Amino acid sequence: MTSCAWSAFGGGSHFMHANPDWQIRDAVLGDLINFDWPVHYSLSSQGSALILRSAIGFFLPPALFGKIFGLAHLDLAVYVWTAAGVLIFLLLLPLPRRGGWRLTVALFVVIFFSGMDFLGVVIATESMPIFPLRLEWWVPLSYPSLTNQLLWAPNHCLPIWIATLLYFRHRHGAEFLRIMVAALPLTLIWTPFAVIGLLPFVALGVGNWIRKFGWHKVPWGAIISAAAFSLPIGLFLLIDVGHIDAVSRHRQRPTQSATPCSRYRSTPTSSS
């Protein structure tokens, strides 16, 4: 219930106000639905082509839903997908397992916890914050609250939250290497930010794991399997658009007719 209510405020569901970032994300989702994969574009004026290589992992299940069932209920699909990710995040947290005031307080802290941005705004601007303007941008770098992340960028924050919790929950266990070699390749297609941030901690965890369990316990089979699984992801991230079978590098034809939801329009490119 908490995951559903919390996710409803996010822009992806379009139940409430969607911040400007969702104009780009809706266009990405629309292209994933309306065009063959991997999505690519021709730039006739420049004589070159581009491939859609955004952090698309979050959008792939809703895009598949849209390809199969159409766009009529796509907002609901994005909402359900977001709520599922939030539910996994909450289940991974060390929260009380029984209902009661302890669980209520813990959930309240998770949802509403933020940093000291209130004081930062007061010191930097010499005035009180203006509601509902965001507090985090009083300095060039933003350290947003969990709710802010969920509302603005669930496609980035959910894999970061889940992968981070998997690391901290299993960093001392024998299963640590198996979980990390499975999680990192999946996280890479969701958002490179998570992998960049986690790599130093994973490297430290691997060193501690080897000192604790020894080289003879390294699950080489799992590592080889993860490497094989990662190969398609690596090829996608490194592929040259010239290797995509596109006639004269022109824009692909849509896989379905005009979209009934205008927000899932295609991203602007030149077409043949």
# chains A, B, ... in the order shown; residues from 1 in each chain; ligands from 1

$ select_by_dssp --residues "stretch 63-270 of chain A" --states "alpha helix (DSSP H)" --output "ChimeraX atom specification"
/A:63-69,74-92,101-112,117-125,146-152,154-170,176-190,192-213,220-238

$ select_by_dssp --residues "stretch 39-248 of chain A" --states "strand (DSSP E or B)" --output "mmCIF file with N, CA and C atoms, in the first residue's frame"
data_model
loop_
_atom_site.group_PDB
_atom_site.id
_atom_site.type_symbol
_atom_site.label_atom_id
_atom_site.label_comp_id
_atom_site.auth_asym_id
_atom_site.auth_seq_id
_atom_site.Cartn_x
_atom_site.Cartn_y
_atom_site.Cartn_z
ATOM 1 N N HIS A 40 16.975 3.774 -33.714
ATOM 2 C CA HIS A 40 18.023 4.649 -34.221
ATOM 3 C C HIS A 40 17.401 5.689 -35.140
ATOM 4 N N TYR A 41 18.154 6.739 -35.392
ATOM 5 C CA TYR A 41 17.646 7.897 -36.113
ATOM 6 C C TYR A 41 18.669 8.341 -37.153
ATOM 7 N N SER A 42 18.170 8.915 -38.229
ATOM 8 C CA SER A 42 19.053 9.511 -39.222
ATOM 9 C C SER A 42 19.004 11.023 -39.090
ATOM 10 N N LEU A 43 20.141 11.646 -39.261
ATOM 11 C CA LEU A 43 20.239 13.101 -39.257
ATOM 12 C C LEU A 43 20.682 13.517 -40.652
ATOM 13 N N SER A 48 24.664 11.865 -40.767
ATOM 14 C CA SER A 48 25.065 10.894 -39.755
ATOM 15 C C SER A 48 23.824 10.264 -39.145
ATOM 16 N N ALA A 49 24.041 9.309 -38.258
ATOM 17 C CA ALA A 49 22.937 8.616 -37.612
ATOM 18 C C ALA A 49 23.233 8.464 -36.132
ATOM 19 N N LEU A 50 22.176 8.300 -35.359
ATOM 20 C CA LEU A 50 22.295 8.146 -33.913
ATOM 21 C C LEU A 50 21.501 6.928 -33.473
ATOM 22 N N ILE A 51 21.916 6.338 -32.366
ATOM 23 C CA ILE A 51 21.193 5.222 -31.775
ATOM 24 C C ILE A 51 20.684 5.653 -30.406
#

$ closest_residue --among "A:Leu32, A:Ile24, A:Ala63, A:Leu166" --to "A:Pro94" --atoms "only C-alpha atoms"
A:Leu166

$ residues_around --residues "stretch 116-132 of chain A" --least-positions-apart "3" --cutoff "10 Å" --atoms "only C-alpha atoms" --output "VMD selection string"
chain A and resid 135 to 139 142 to 145

$ atom_distance --atom1 "atom CA of A:Val202" --atom2 "atom CA of A:Arg178"
11.9 Å

$ atom_distance --atom1 "atom CA of A:Val78" --atom2 "atom CA of A:Ile233"
22.7 Å
